[in-house]
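Reading through the structure tokens given below for one structure.
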Amino acid sequence: MEYGLELDDVTTEKAIIRKEKHLDGVEDDESTEDEDVLYKIEVPANRYKSFIDLQDKLHQNICRRRTLVAIGTHDLDTLQGPFTYEALSPEEINFVPLKQEKSFRADELMELYKSDMKLKFLHIIEDSPVYPVIYDSNRTVLSLPPIINGARSAITLRTKNVFIECTATDLTKAKIVLNTMVSMFSVYCERKFEVEPVEVICSDAQSCIYPYLSSFDMEVPLAKITGRIGVSLDASQVTSLLTKMQLHGEEISSGEESIIRVSLPPTRSDVLEACDVAEDVAIAYGFNNIPRTQPVLSTQGRQQPLTQLGNLIRLEIASAGFTEVLTWILCSNEENFSMLNRKDDKTSVTVANPRSSDFEATRTSLMSGLLKTVRENNHHPKPIKIFEMGDVVLLDDTKDVGAKNSRKVAALYCNQSSGYEEINGLVQKIMQIVDVPWIEDPQVGDNNGYLIAASKEKETEDTAFLPGRQASIILNGKQVGTLGIVHPKVLGNFDINFPCSYMEMDVECFL
């Protein structure tokens, strides 16, 4: 198998399922490549559907919806080897796709399938300057991975020889998928489970033989198996249970440290560690047969302190006449910043491939969610009093994932008048709940408590609020929140015709 121009970080593996003959005009001793062959397959109609279902399930799971591996199946009798895997511009690729009657260029094909809800893989290559394509020696297109196969090589119930190609960005996953496909259907060959390899020649002239179907041996201490299950079993019992799970096991050392060698077939890529072997033994033994035992350590479940504090605050705010709402943690960049009359400070986490512009970033404030709730409930009688307690997500280089969650509480009051006194009183109520005293005289220098202070500098004001109609919530000398009257421009952006007051503050600062 030859490669043409390679895509970056893309590998390919090939497998051929055949019945009667070798590649047209190429004998075994004359071929420049080795072949992966399953001779004389007889697949009944019901098994044909199973063959397609297996391919679909692999695509959804280990292939991660074709982002890691794409599988193509073709009628080998309609093709002529050798096959090449190339990367070309969309305008250069022209073929008849599956279930179509006319030929399309690759870019035209992408436009055609944008309205097809079943094809959810266009985004994988849509923005690439070159598309991957597989040709046979006659320049017949086998497939445009990972999107769709060509109609010329479509398999049917009358297909005698099936060619399987796996293109991937993850070589390990590609090996697993190819091994699974070949192993599962080698049982329908005339000589069951007999497979011949295929040689894959890369652009750097290095060649590899696929699939590699040798079994893998794993040595597992008996104590690790029985200790995890909690049942006393000897080596012979464990090997017998492994046989039930179609794994071959044998004891290779006895005594105090008994070792079990487990032979894993190529279809069991899920067995990676001793715990996986112990799980298979437990399944064969029967989970219901494992006796119940008292744990060595006694533990007691309880709420996290942040959750416990949050529930207390939520209950008190609800008692004050506010209705709790829950809004999405994802929003659009426009709602997060410009609609709130704020500049994008690059603190939000953006989604790489959002399904829509409404969910392209994580919120950095609860404000847009509450304003959207008021907008959708404008017909309700006034006043509208709502609150939310939830997380915002902010970029943070000090965290291993590059971001952190921060628990906030926010409340909004909408009526004929702004209701600033309602929001101000709610802040004081929350401080009373968490037992934080009011600072009577901040000039004394005592920072042990809270105060509500207006900003003295215009540059530090939050542009989502009316200038001069906002204040900062200061706790122990640090700003933990803001309250004020929402700017009319912001209300207009959300189609709200009544004045609103809003407050938002950090909850974690009370712990």
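How things are named: the first chain in the structure tokens is A, the next is B, and so on; residues count from 1 in each chain; ligands count from 1 in the order shown.
Taking range 149-203 of chain A and asking which residues DSSP calls helix (DSSP H, G or I) on the backbone, you get Leu171, Thr172, Lys173, Ala174, Lys175, Ile176, Val177, Leu178, Asn179, Thr180, Met181, Val182, Ser183, Met184, Phe185, Ser186, Val187 and Tyr188 of chain A.
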Written file, previous selection with C-alpha atoms, as a CSV table (one decimal), in the first residue's frame:
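Saved the output as out.csv:
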chain,number,residue,atom,x,y,z
A,171,LEU,CA,-2.2,5.2,15.6
A,172,THR,CA,-3.0,3.2,18.7
A,173,LYS,CA,-6.7,3.6,18.2
A,174,ALA,CA,-6.4,2.7,14.5
A,175,LYS,CA,-4.7,-0.6,15.4
A,176,ILE,CA,-7.5,-1.4,17.9
A,177,VAL,CA,-10.2,-0.6,15.4
A,178,LEU,CA,-8.6,-2.6,12.6
A,179,ASN,CA,-7.9,-5.6,14.8
A,180,THR,CA,-11.5,-5.6,16.0
A,181,MET,CA,-13.1,-5.3,12.6
A,182,VAL,CA,-10.9,-8.1,11.1
A,183,SER,CA,-11.0,-10.4,14.1
A,184,MET,CA,-14.8,-10.2,14.4
A,185,PHE,CA,-15.5,-11.2,10.8
A,186,SER,CA,-12.7,-13.6,10.2
A,187,VAL,CA,-15.0,-16.3,11.6
A,188,TYR,CA,-17.0,-16.1,8.3
Selection: 12 Å around range 292-309 of chain A, only C-alpha atoms, excl. self and same-chain fewer than 4 positions, as a ChimeraX atom specification: /A:229-231,287-288,313-316,389-391,406-409,430,433-435,506-511
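Minimum atom-to-atom distance to Ala403 in chain A, evaluated using only C-alpha atoms, belongs to A:Val349 out of A:Ile386, A:Val349, A:Ala454, A:Ile62.
Of the residues listed (A:Ser253, A:Val486, A:Arg191, A:Ala361), A:Ala361 shows the shortest atom-to-atom separation from Glu334 in chain A; distances use only C-alpha atoms.
One distance worth recording is that between CA of Ser103 in chain A and CA of Asp116 in chain A, which is 17.9 Å.
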Find the residues near Met505 in chain A: any atom within 8 Å, counting only C-alpha atoms, skip ones fewer than 6 places away on the same chain, and give them as a JSON list (two decimals) with N, CA, C and O atoms, in the first residue's frame.
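So part-v2.json came out as:
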[["chain", "number", "residue", "atom", "x", "y", "z"],
["A", 408, "LYS", "N", -20.63, 32.26, 42.70],
["A", 408, "LYS", "CA", -21.17, 33.61, 42.86],
["A", 408, "LYS", "C", -22.65, 33.53, 43.23],
["A", 408, "LYS", "O", -23.33, 32.56, 42.93],
["A", 409, "VAL", "N", -23.15, 34.60, 43.84],
["A", 409, "VAL", "CA", -24.58, 34.77, 44.06],
["A", 409, "VAL", "C", -24.95, 36.13, 43.50],
["A", 409, "VAL", "O", -24.23, 37.12, 43.67],
["A", 410, "ALA", "N", -26.07, 36.16, 42.77],
["A", 410, "ALA", "CA", -26.51, 37.41, 42.14],
["A", 410, "ALA", "C", -28.02, 37.55, 42.29],
["A", 410, "ALA", "O", -28.74, 36.54, 42.36],
["A", 473, "ILE", "N", -18.91, 46.13, 47.22],
["A", 473, "ILE", "CA", -19.09, 45.42, 48.49],
["A", 473, "ILE", "C", -17.69, 45.05, 48.99],
["A", 473, "ILE", "O", -16.99, 44.26, 48.34],
["A", 480, "VAL", "N", -15.47, 42.18, 47.12],
["A", 480, "VAL", "CA", -16.00, 40.85, 46.84],
["A", 480, "VAL", "C", -17.26, 40.90, 46.00],
["A", 480, "VAL", "O", -17.83, 39.85, 45.67],
["A", 481, "GLY", "N", -17.73, 42.10, 45.65],
["A", 481, "GLY", "CA", -18.94, 42.19, 44.86],
["A", 481, "GLY", "C", -19.26, 43.61, 44.46],
["A", 481, "GLY", "O", -18.57, 44.56, 44.84],
["A", 482, "THR", "N", -20.35, 43.73, 43.67],
["A", 482, "THR", "CA", -20.79, 45.04, 43.18],
["A", 482, "THR", "C", -22.31, 45.07, 43.19],
["A", 482, "THR", "O", -22.97, 44.05, 42.99]]
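Here CA of Phe104 in chain A is placed at a distance of 14.8 Å from CA of Leu88 in chain A.
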Residues of range 330-507 of chain A in strand (DSSP E), written as a count of residues only: 59
Proximity to Phe163 in chain A - best of A:Pro90, A:Pro221, A:Gly72, A:Pro146, only C-alpha atoms: A:Gly72
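Each of A:Phe337, A:Trp438, A:Trp328, A:Phe216 was checked against Ala453 in chain A using only C-alpha atoms; the smallest atom-to-atom distance is that of A:Trp438.
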Near-Ser89 in chain A list (12 Å; only C-alpha atoms; drop same-chain fewer than 6 positions) as a ChimeraX atom specification: /A:5,7,105-107,125-133,144
Next, the residues of the selection above should be written as a short mmCIF file (atom, residue, chain, number, x, y, z; two decimals), in the first residue's frame with all heavy atoms.
data_model
loop_
_atom_site.label_atom_id
_atom_site.label_comp_id
_atom_site.auth_asym_id
_atom_site.auth_seq_id
_atom_site.Cartn_x
_atom_site.Cartn_y
_atom_site.Cartn_z
N LEU A 5 0.83 12.31 -0.80
CA LEU A 5 1.08 13.42 0.11
C LEU A 5 0.38 13.17 1.43
O LEU A 5 -0.80 12.92 1.47
CB LEU A 5 0.57 14.73 -0.52
CG LEU A 5 0.73 16.00 0.30
CD1 LEU A 5 2.20 16.29 0.54
CD2 LEU A 5 0.06 17.17 -0.40
N LEU A 7 -1.14 13.94 5.24
CA LEU A 7 -1.62 14.98 6.15
C LEU A 7 -0.74 14.97 7.38
O LEU A 7 -0.19 13.93 7.75
CB LEU A 7 -3.07 14.71 6.57
CG LEU A 7 -4.14 14.93 5.51
CD1 LEU A 7 -5.48 14.47 6.06
CD2 LEU A 7 -4.24 16.39 5.14
N ARG A 105 -17.59 18.08 -6.52
CA ARG A 105 -16.30 18.45 -5.96
C ARG A 105 -16.40 18.38 -4.44
O ARG A 105 -17.48 18.49 -3.88
CB ARG A 105 -15.90 19.86 -6.38
CG ARG A 105 -15.45 20.01 -7.81
CD ARG A 105 -14.54 21.22 -7.99
NE ARG A 105 -14.94 22.35 -7.16
CZ ARG A 105 -15.59 23.41 -7.61
NH1 ARG A 105 -15.95 23.47 -8.87
NH2 ARG A 105 -15.89 24.41 -6.79
N ALA A 106 -15.27 18.22 -3.77
CA ALA A 106 -15.28 18.05 -2.32
C ALA A 106 -15.87 19.27 -1.61
O ALA A 106 -16.62 19.13 -0.65
CB ALA A 106 -13.87 17.79 -1.81
N ASP A 107 -15.57 20.50 -2.10
CA ASP A 107 -16.13 21.69 -1.47
C ASP A 107 -17.64 21.78 -1.70
O ASP A 107 -18.40 22.20 -0.82
CB ASP A 107 -15.43 22.94 -1.95
CG ASP A 107 -15.42 23.05 -3.48
OD1 ASP A 107 -15.67 22.04 -4.14
OD2 ASP A 107 -15.15 24.16 -3.99
N ILE A 125 -12.78 18.40 9.10
CA ILE A 125 -11.86 18.82 8.03
C ILE A 125 -12.33 20.07 7.30
O ILE A 125 -11.65 20.55 6.39
CB ILE A 125 -11.66 17.69 7.00
CG1 ILE A 125 -12.99 17.36 6.30
CG2 ILE A 125 -11.06 16.46 7.65
CD1 ILE A 125 -12.81 16.42 5.10
N GLU A 126 -13.49 20.61 7.70
CA GLU A 126 -14.12 21.69 6.93
C GLU A 126 -13.20 22.89 6.72
O GLU A 126 -13.16 23.48 5.64
CB GLU A 126 -15.40 22.13 7.64
CG GLU A 126 -16.22 23.12 6.86
CD GLU A 126 -17.53 23.45 7.57
OE1 GLU A 126 -17.67 23.11 8.77
OE2 GLU A 126 -18.42 24.02 6.92
N ASP A 127 -12.45 23.27 7.73
CA ASP A 127 -11.61 24.47 7.65
C ASP A 127 -10.18 24.18 7.19
O ASP A 127 -9.34 25.08 7.17
CB ASP A 127 -11.57 25.17 9.01
CG ASP A 127 -12.94 25.66 9.44
OD1 ASP A 127 -13.74 26.01 8.55
OD2 ASP A 127 -13.22 25.67 10.66
N SER A 128 -9.90 22.94 6.82
CA SER A 128 -8.55 22.58 6.39
C SER A 128 -8.33 23.01 4.93
O SER A 128 -9.24 22.89 4.10
CB SER A 128 -8.36 21.07 6.52
OG SER A 128 -7.10 20.68 5.99
N PRO A 129 -7.14 23.50 4.59
CA PRO A 129 -6.87 23.87 3.19
C PRO A 129 -6.80 22.66 2.27
O PRO A 129 -6.97 22.80 1.05
CB PRO A 129 -5.53 24.59 3.26
CG PRO A 129 -4.89 24.08 4.51
CD PRO A 129 -6.00 23.79 5.47
N VAL A 130 -6.50 21.48 2.83
CA VAL A 130 -6.46 20.25 2.04
C VAL A 130 -7.34 19.19 2.71
O VAL A 130 -7.49 19.19 3.94
CB VAL A 130 -5.03 19.71 1.88
CG1 VAL A 130 -4.19 20.62 1.01
CG2 VAL A 130 -4.36 19.51 3.24
N TYR A 131 -7.93 18.32 1.90
CA TYR A 131 -8.78 17.25 2.40
C TYR A 131 -8.10 15.91 2.16
O TYR A 131 -7.45 15.71 1.13
CB TYR A 131 -10.13 17.24 1.69
CG TYR A 131 -11.07 18.37 2.05
CD1 TYR A 131 -12.30 18.51 1.42
CD2 TYR A 131 -10.73 19.31 3.02
CE1 TYR A 131 -13.17 19.55 1.74
CE2 TYR A 131 -11.58 20.35 3.35
CZ TYR A 131 -12.80 20.47 2.69
OH TYR A 131 -13.64 21.49 3.02
N PRO A 132 -8.26 14.96 3.10
CA PRO A 132 -7.72 13.61 2.86
C PRO A 132 -8.60 12.86 1.87
O PRO A 132 -9.82 12.99 1.89
CB PRO A 132 -7.77 12.97 4.26
CG PRO A 132 -8.89 13.68 4.95
CD PRO A 132 -8.90 15.08 4.41
N VAL A 133 -7.98 12.09 1.01
CA VAL A 133 -8.72 11.30 0.01
C VAL A 133 -7.93 10.04 -0.30
O VAL A 133 -6.70 10.03 -0.28
CB VAL A 133 -8.97 12.13 -1.27
CG1 VAL A 133 -7.65 12.55 -1.91
CG2 VAL A 133 -9.84 11.38 -2.25
N LEU A 144 -13.67 9.94 1.13
CA LEU A 144 -13.20 11.24 1.62
C LEU A 144 -13.30 11.18 3.14
O LEU A 144 -14.28 11.60 3.73
CB LEU A 144 -14.09 12.35 1.06
CG LEU A 144 -13.71 13.79 1.43
CD1 LEU A 144 -12.47 14.22 0.68
CD2 LEU A 144 -14.87 14.74 1.11
#
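Distances here use only C-alpha atoms; by that measure, the residue among A:Ser236, A:Asn311, A:Thr167, A:Pro266 closest to Phe193 in chain A is A:Pro266.
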Contact residues around range 119-123 of chain A with only C-alpha atoms at 12 Å, ignoring same-chain residues under 2 positions, as a VMD selection string: chain A and resid 59 to 60 63 to 70 106 to 107 109 to 117 125 to 128 131 144 to 148 352 to 355
Could you turn the residues from that selection into a file that holds N, CA, C and O atoms, as a compact mmCIF listing (two decimals), in the first residue's frame?
# COMPACT_ATOMS: atom_id res chain seq x y z
N HIS A 59 -17.27 3.82 15.50
CA HIS A 59 -17.18 5.25 15.18
C HIS A 59 -17.63 6.11 16.35
O HIS A 59 -17.04 7.15 16.65
N GLN A 60 -18.68 5.70 17.03
CA GLN A 60 -19.24 6.51 18.12
C GLN A 60 -18.39 6.46 19.38
O GLN A 60 -18.34 7.43 20.13
N CYS A 63 -13.58 5.61 18.31
CA CYS A 63 -13.18 6.57 17.27
C CYS A 63 -13.56 7.99 17.63
O CYS A 63 -13.20 8.93 16.89
N ARG A 64 -14.30 8.17 18.73
CA ARG A 64 -14.72 9.49 19.21
C ARG A 64 -15.39 10.28 18.09
O ARG A 64 -14.99 11.38 17.74
N ARG A 65 -16.46 9.66 17.54
CA ARG A 65 -17.24 10.28 16.46
C ARG A 65 -16.35 10.69 15.29
O ARG A 65 -16.47 11.78 14.74
N ARG A 66 -15.45 9.80 14.94
CA ARG A 66 -14.57 9.90 13.77
C ARG A 66 -13.48 10.95 13.92
O ARG A 66 -12.74 11.21 12.97
N THR A 67 -13.35 11.55 15.08
CA THR A 67 -12.28 12.53 15.25
C THR A 67 -10.92 11.87 15.40
O THR A 67 -9.89 12.49 15.11
N LEU A 68 -10.88 10.62 15.88
CA LEU A 68 -9.61 9.90 16.03
C LEU A 68 -9.39 8.89 14.93
O LEU A 68 -8.27 8.74 14.43
N VAL A 69 -10.44 8.17 14.55
CA VAL A 69 -10.33 7.13 13.52
C VAL A 69 -11.58 7.18 12.65
O VAL A 69 -12.68 7.42 13.15
N ALA A 70 -11.39 6.95 11.34
CA ALA A 70 -12.51 6.80 10.42
C ALA A 70 -12.36 5.48 9.68
O ALA A 70 -11.27 5.15 9.20
N ALA A 106 -15.27 18.22 -3.77
CA ALA A 106 -15.28 18.05 -2.32
C ALA A 106 -15.87 19.27 -1.61
O ALA A 106 -16.62 19.13 -0.65
N ASP A 107 -15.57 20.50 -2.10
CA ASP A 107 -16.13 21.69 -1.47
C ASP A 107 -17.64 21.78 -1.70
O ASP A 107 -18.40 22.20 -0.82
N LEU A 109 -19.55 19.20 -2.06
CA LEU A 109 -20.11 18.13 -1.22
C LEU A 109 -20.29 18.60 0.22
O LEU A 109 -21.30 18.28 0.87
N MET A 110 -19.33 19.37 0.72
CA MET A 110 -19.45 19.88 2.09
C MET A 110 -20.65 20.81 2.23
O MET A 110 -21.37 20.78 3.22
N GLU A 111 -20.89 21.65 1.22
CA GLU A 111 -22.05 22.54 1.24
C GLU A 111 -23.34 21.73 1.18
O GLU A 111 -24.33 22.07 1.85
N LEU A 112 -23.34 20.65 0.38
CA LEU A 112 -24.53 19.81 0.25
C LEU A 112 -24.91 19.17 1.57
O LEU A 112 -26.10 19.10 1.93
N TYR A 113 -23.91 18.73 2.33
CA TYR A 113 -24.19 17.96 3.55
C TYR A 113 -24.33 18.83 4.79
O TYR A 113 -24.56 18.31 5.87
N LYS A 114 -24.18 20.14 4.67
CA LYS A 114 -24.34 21.00 5.84
C LYS A 114 -25.75 20.94 6.40
O LYS A 114 -25.97 21.15 7.60
N SER A 115 -26.72 20.65 5.55
CA SER A 115 -28.12 20.56 6.00
C SER A 115 -28.51 19.15 6.42
O SER A 115 -29.65 18.93 6.82
N ASP A 116 -27.58 18.19 6.30
CA ASP A 116 -27.87 16.80 6.67
C ASP A 116 -27.54 16.60 8.15
O ASP A 116 -26.38 16.61 8.54
N MET A 117 -28.56 16.40 8.98
CA MET A 117 -28.36 16.27 10.42
C MET A 117 -27.62 14.99 10.79
O MET A 117 -27.06 14.88 11.87
N ILE A 125 -12.78 18.40 9.10
CA ILE A 125 -11.86 18.82 8.03
C ILE A 125 -12.33 20.07 7.30
O ILE A 125 -11.65 20.55 6.39
N GLU A 126 -13.49 20.61 7.70
CA GLU A 126 -14.12 21.69 6.93
C GLU A 126 -13.20 22.89 6.72
O GLU A 126 -13.16 23.48 5.64
N ASP A 127 -12.45 23.27 7.73
CA ASP A 127 -11.61 24.47 7.65
C ASP A 127 -10.18 24.18 7.19
O ASP A 127 -9.34 25.08 7.17
N SER A 128 -9.90 22.94 6.82
CA SER A 128 -8.55 22.58 6.39
C SER A 128 -8.33 23.01 4.93
O SER A 128 -9.24 22.89 4.10
N TYR A 131 -7.93 18.32 1.90
CA TYR A 131 -8.78 17.25 2.40
C TYR A 131 -8.10 15.91 2.16
O TYR A 131 -7.45 15.71 1.13
N LEU A 144 -13.67 9.94 1.13
CA LEU A 144 -13.20 11.24 1.62
C LEU A 144 -13.30 11.18 3.14
O LEU A 144 -14.28 11.60 3.73
N PRO A 145 -12.28 10.57 3.78
CA PRO A 145 -12.38 10.38 5.23
C PRO A 145 -12.25 11.71 5.97
O PRO A 145 -11.51 12.59 5.51
N PRO A 146 -12.96 11.91 7.07
CA PRO A 146 -13.87 10.96 7.70
C PRO A 146 -15.33 11.21 7.34
O PRO A 146 -16.22 10.89 8.11
N ILE A 147 -15.60 11.80 6.15
CA ILE A 147 -16.95 12.25 5.82
C ILE A 147 -17.78 11.14 5.19
O ILE A 147 -18.80 10.72 5.76
N ILE A 148 -17.36 10.63 4.01
CA ILE A 148 -18.23 9.71 3.28
C ILE A 148 -17.41 8.90 2.29
O ILE A 148 -16.34 9.33 1.83
N ALA A 352 -13.83 25.59 21.65
CA ALA A 352 -13.12 25.46 20.37
C ALA A 352 -14.09 25.25 19.21
O ALA A 352 -13.97 25.88 18.16
N ASN A 353 -15.06 24.35 19.37
CA ASN A 353 -16.00 24.04 18.29
C ASN A 353 -17.42 24.14 18.82
O ASN A 353 -18.09 23.14 19.03
N PRO A 354 -17.92 25.37 19.05
CA PRO A 354 -19.27 25.51 19.61
C PRO A 354 -20.33 25.07 18.61
O PRO A 354 -20.19 25.24 17.40
N ARG A 355 -21.42 24.50 19.15
CA ARG A 355 -22.52 24.07 18.29
C ARG A 355 -23.27 25.27 17.74
O ARG A 355 -23.86 25.20 16.66
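Of the residues under consideration (A:Thr78, A:Thr364, A:Asn61, A:Ser332), A:Thr364 shows the shortest atom-to-atom contact distance to Lys346 in chain A when counting only C-alpha atoms.
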